[in-house]
Amino acid sequence: MNLTRRNVLLGLGTMTIGGGAAFGSGAFSQVEADRSVTVDVAEDSAALIALAPGESAYVYEDENGLIVIDLGGDAFDDADGLNLGAVTTLTEALSVTNNHDETVEITIDGVDNDGIDVGFEESEYGEGIAGYELASGSTLDLDIVIDTRGANADSRIDEDVTILAESTE
């Protein structure tokens, strides 16, 4: 084969096509980029999804601005805890306010441990909180329902409760 201009161009073109096929389609697998992030935090009562104590003395805001639900023996003046084998409801114990500019869907996972079930219900209708739509500027009052029918005299829980708010828009 003679080394002509046409043969050189044909050879270069073949190598370019072959190289592209051998090394992929030009897609990439990783990108690293630095961006600025600004995050402001607020106490529970002033956050986008604000939490505030309701009518129950057993729900309060601590010194760090976090909501605490305390139904342990120290919370009671002359008692050691809740009734065994019973269902106790703390009416309008907690409120959730949507300070966001969009409707959010609220889900609260209760606690079920050591025979004690702690759940949350919407105060007005007594419905559970799973996918409850809360419009911007609206407040949801919650009852806390504690079921000790599966507990024994030594049962105790010390758990975290997760409140999830997801935008519906």
# chains A, B, ... in the order shown; residues from 1 in each chain; ligands from 1
>>> select_by_dssp(residues="range 10-159 of chain A", states="strand (DSSP E)", output="ChimeraX atom specification")
/A:49-53,59-61,67-69,87-98,104-109,111-113,116-122,130-134,139-147
>>> residues_around(residues="range 143-146 of chain A", least_positions_apart="6", cutoff="6 Å", atoms="only C-alpha atoms", output="ChimeraX atom specification")
/A:87-93,117-121,123
>>> write_last_selection(atoms="all heavy atoms", output="tab-separated table (two decimals), in the first residue's frame")
chain	number	residue	atom	x	y	z
A	87	VAL	N	-54.99	1.91	77.74
A	87	VAL	CA	-54.71	2.86	76.67
A	87	VAL	C	-54.93	4.26	77.23
A	87	VAL	O	-56.01	4.57	77.72
A	87	VAL	CB	-55.62	2.62	75.44
A	87	VAL	CG1	-55.35	3.67	74.38
A	87	VAL	CG2	-55.41	1.22	74.88
A	88	THR	N	-53.90	5.08	77.20
A	88	THR	CA	-53.95	6.44	77.73
A	88	THR	C	-53.79	7.42	76.57
A	88	THR	O	-52.91	7.25	75.73
A	88	THR	CB	-52.81	6.68	78.75
A	88	THR	OG1	-52.90	5.71	79.78
A	88	THR	CG2	-52.86	8.07	79.33
A	89	THR	N	-54.65	8.43	76.51
A	89	THR	CA	-54.60	9.43	75.46
A	89	THR	C	-54.30	10.79	76.06
A	89	THR	O	-54.99	11.23	76.97
A	89	THR	CB	-55.93	9.48	74.68
A	89	THR	OG1	-56.19	8.20	74.12
A	89	THR	CG2	-55.86	10.51	73.56
A	90	LEU	N	-53.28	11.44	75.55
A	90	LEU	CA	-52.96	12.82	75.91
A	90	LEU	C	-53.56	13.70	74.81
A	90	LEU	O	-53.04	13.75	73.70
A	90	LEU	CB	-51.46	13.04	76.02
A	90	LEU	CG	-50.71	12.14	76.98
A	90	LEU	CD1	-49.21	12.43	76.92
A	90	LEU	CD2	-51.23	12.29	78.39
A	91	THR	N	-54.66	14.35	75.10
A	91	THR	CA	-55.41	15.11	74.10
A	91	THR	C	-54.71	16.42	73.76
A	91	THR	O	-54.25	17.13	74.65
A	91	THR	CB	-56.83	15.40	74.62
A	91	THR	OG1	-57.42	14.17	75.01
A	91	THR	CG2	-57.69	16.04	73.56
A	92	GLU	N	-54.65	16.70	72.46
A	92	GLU	CA	-54.01	17.91	71.94
A	92	GLU	C	-52.67	18.17	72.62
A	92	GLU	O	-52.39	19.26	73.09
A	92	GLU	CB	-54.95	19.11	72.07
A	92	GLU	CG	-56.18	18.97	71.22
A	92	GLU	CD	-57.08	20.20	71.23
A	92	GLU	OE1	-56.71	21.23	71.83
A	92	GLU	OE2	-58.14	20.13	70.63
A	93	ALA	N	-51.84	17.16	72.62
A	93	ALA	CA	-50.56	17.22	73.33
A	93	ALA	C	-49.46	17.89	72.51
A	93	ALA	O	-48.47	18.38	73.07
A	93	ALA	CB	-50.12	15.81	73.71
A	117	ASP	N	-46.84	0.75	73.06
A	117	ASP	CA	-47.07	1.31	71.74
A	117	ASP	C	-47.44	2.78	71.91
A	117	ASP	O	-48.42	3.10	72.58
A	117	ASP	CB	-48.18	0.55	71.02
A	117	ASP	CG	-48.44	1.05	69.62
A	117	ASP	OD1	-47.53	1.63	69.02
A	117	ASP	OD2	-49.57	0.87	69.13
A	118	VAL	N	-46.63	3.67	71.31
A	118	VAL	CA	-46.91	5.11	71.36
A	118	VAL	C	-47.25	5.55	69.94
A	118	VAL	O	-46.44	5.40	69.03
A	118	VAL	CB	-45.71	5.91	71.89
A	118	VAL	CG1	-46.02	7.41	71.91
A	118	VAL	CG2	-45.30	5.42	73.27
A	119	GLY	N	-48.46	6.08	69.77
A	119	GLY	CA	-48.89	6.52	68.46
A	119	GLY	C	-49.41	7.95	68.50
A	119	GLY	O	-49.60	8.53	69.58
A	120	PHE	N	-49.64	8.51	67.33
A	120	PHE	CA	-50.11	9.88	67.20
A	120	PHE	C	-51.36	9.89	66.34
A	120	PHE	O	-51.42	9.22	65.31
A	120	PHE	CB	-49.02	10.75	66.56
A	120	PHE	CG	-47.79	10.83	67.42
A	120	PHE	CD1	-46.83	9.84	67.39
A	120	PHE	CD2	-47.61	11.91	68.27
A	120	PHE	CE1	-45.71	9.90	68.19
A	120	PHE	CE2	-46.49	11.98	69.08
A	120	PHE	CZ	-45.54	10.97	69.05
A	121	GLU	N	-52.35	10.66	66.77
A	121	GLU	CA	-53.61	10.77	66.03
A	121	GLU	C	-53.97	12.23	65.88
A	121	GLU	O	-53.68	13.05	66.76
A	121	GLU	CB	-54.74	10.05	66.77
A	121	GLU	CG	-54.57	8.56	66.84
A	121	GLU	CD	-55.73	7.88	67.56
A	121	GLU	OE1	-56.57	8.59	68.18
A	121	GLU	OE2	-55.79	6.65	67.50
A	123	SER	N	-56.17	15.21	66.34
A	123	SER	CA	-57.03	15.44	67.51
A	123	SER	C	-58.51	15.52	67.17
A	123	SER	O	-59.35	14.99	67.90
A	123	SER	CB	-56.62	16.73	68.23
A	123	SER	OG	-55.37	16.57	68.84
>>> atom_distance(atom1="CA of Ala42 in chain A", atom2="CA of Glu133 in chain A")
22.8 Å
>>> residues_around(residues="Asn64 in chain A", least_positions_apart="2", cutoff="10 Å", atoms="only C-alpha atoms", output="PyMOL selection string")
chain A and resi 43-44+61-62+66-67
>>> write_last_selection(atoms="N, CA, C and O atoms", output="PDB file, in the first residue's frame")
ATOM      1  N   GLU A  43     -35.155  26.693  66.308  1.00  0.00           N
ATOM      2  CA  GLU A  43     -35.777  25.849  67.317  1.00  0.00           C
ATOM      3  C   GLU A  43     -37.045  25.243  66.723  1.00  0.00           C
ATOM      4  O   GLU A  43     -37.600  25.748  65.744  1.00  0.00           O
ATOM      5  N   ASP A  44     -37.519  24.149  67.322  1.00  0.00           N
ATOM      6  CA  ASP A  44     -38.700  23.452  66.799  1.00  0.00           C
ATOM      7  C   ASP A  44     -39.877  24.393  66.569  1.00  0.00           C
ATOM      8  O   ASP A  44     -40.573  24.294  65.570  1.00  0.00           O
ATOM      9  N   GLU A  61     -40.969  22.107  75.657  1.00  0.00           N
ATOM     10  CA  GLU A  61     -39.792  22.495  74.897  1.00  0.00           C
ATOM     11  C   GLU A  61     -38.619  22.599  75.867  1.00  0.00           C
ATOM     12  O   GLU A  61     -38.705  23.286  76.887  1.00  0.00           O
ATOM     13  N   ASP A  62     -37.521  21.885  75.566  1.00  0.00           N
ATOM     14  CA  ASP A  62     -36.363  21.899  76.477  1.00  0.00           C
ATOM     15  C   ASP A  62     -35.509  23.148  76.268  1.00  0.00           C
ATOM     16  O   ASP A  62     -35.829  24.017  75.443  1.00  0.00           O
ATOM     17  N   LEU A  66     -35.940  22.007  71.667  1.00  0.00           N
ATOM     18  CA  LEU A  66     -36.449  20.758  71.112  1.00  0.00           C
ATOM     19  C   LEU A  66     -37.652  20.283  71.920  1.00  0.00           C
ATOM     20  O   LEU A  66     -37.694  20.431  73.138  1.00  0.00           O
ATOM     21  N   ILE A  67     -38.616  19.678  71.222  1.00  0.00           N
ATOM     22  CA  ILE A  67     -39.804  19.159  71.882  1.00  0.00           C
ATOM     23  C   ILE A  67     -39.468  17.848  72.575  1.00  0.00           C
ATOM     24  O   ILE A  67     -38.827  16.971  72.001  1.00  0.00           O
TER      25      ILE A  67
END
>>> closest_residue(among="A:Glu124, A:Ser45, A:Gly131, A:Asp70", to="Asn99 in chain A", atoms="only C-alpha atoms")
A:Ser45
>>> residues_around(residues="Gly81 in chain A", least_positions_apart="2", cutoff="12 Å", atoms="only C-alpha atoms", output="PyMOL selection string")
chain A and resi 58+70-79+83-84+86+88+146+148+152-157
>>> closest_residue(among="A:Thr162, A:Thr139, A:Gln30, A:Thr168", to="Gly54 in chain A", atoms="only C-alpha atoms")
A:Thr139
>>> select_by_dssp(residues="range 27-124 of chain A", states="helix (DSSP H, G or I)", output="list in words")
Asp44, Ser45, Ala46, Gly73, Asp74 and Ala75 of chain A
>>> write_last_selection(atoms="all heavy atoms", output="short mmCIF file (atom, residue, chain, number, x, y, z; two decimals), in the first residue's frame")
data_model
loop_
_atom_site.label_atom_id
_atom_site.label_comp_id
_atom_site.auth_asym_id
_atom_site.auth_seq_id
_atom_site.Cartn_x
_atom_site.Cartn_y
_atom_site.Cartn_z
N ASP A 44 -37.52 24.15 67.32
CA ASP A 44 -38.70 23.45 66.80
C ASP A 44 -39.88 24.39 66.57
O ASP A 44 -40.57 24.29 65.57
CB ASP A 44 -39.13 22.34 67.76
CG ASP A 44 -38.29 21.08 67.60
OD1 ASP A 44 -37.53 20.99 66.62
OD2 ASP A 44 -38.40 20.19 68.45
N SER A 45 -40.10 25.34 67.46
CA SER A 45 -41.28 26.20 67.37
C SER A 45 -41.18 27.24 66.26
O SER A 45 -42.19 27.84 65.90
CB SER A 45 -41.52 26.89 68.71
OG SER A 45 -40.40 27.68 69.06
N ALA A 46 -40.00 27.45 65.67
CA ALA A 46 -39.82 28.47 64.64
C ALA A 46 -39.34 27.88 63.31
O ALA A 46 -38.96 28.63 62.42
CB ALA A 46 -38.84 29.53 65.13
N GLY A 73 -41.49 8.03 85.03
CA GLY A 73 -41.88 8.17 86.43
C GLY A 73 -41.59 9.53 87.03
O GLY A 73 -42.34 10.02 87.86
N ASP A 74 -40.50 10.18 86.59
CA ASP A 74 -40.14 11.49 87.14
C ASP A 74 -41.12 12.58 86.70
O ASP A 74 -41.16 13.66 87.30
CB ASP A 74 -38.73 11.88 86.71
CG ASP A 74 -37.68 10.96 87.31
OD1 ASP A 74 -37.97 10.30 88.34
OD2 ASP A 74 -36.57 10.89 86.75
N ALA A 75 -41.90 12.32 85.65
CA ALA A 75 -42.84 13.33 85.16
C ALA A 75 -44.09 13.45 86.03
O ALA A 75 -44.81 14.43 85.94
CB ALA A 75 -43.25 12.98 83.72
#
>>> atom_distance(atom1="CA of Ser95 in chain A", atom2="CA of Glu169 in chain A")
22.7 Å
>>> atom_distance(atom1="CA of Asp114 in chain A", atom2="CA of Val59 in chain A")
21.5 Å
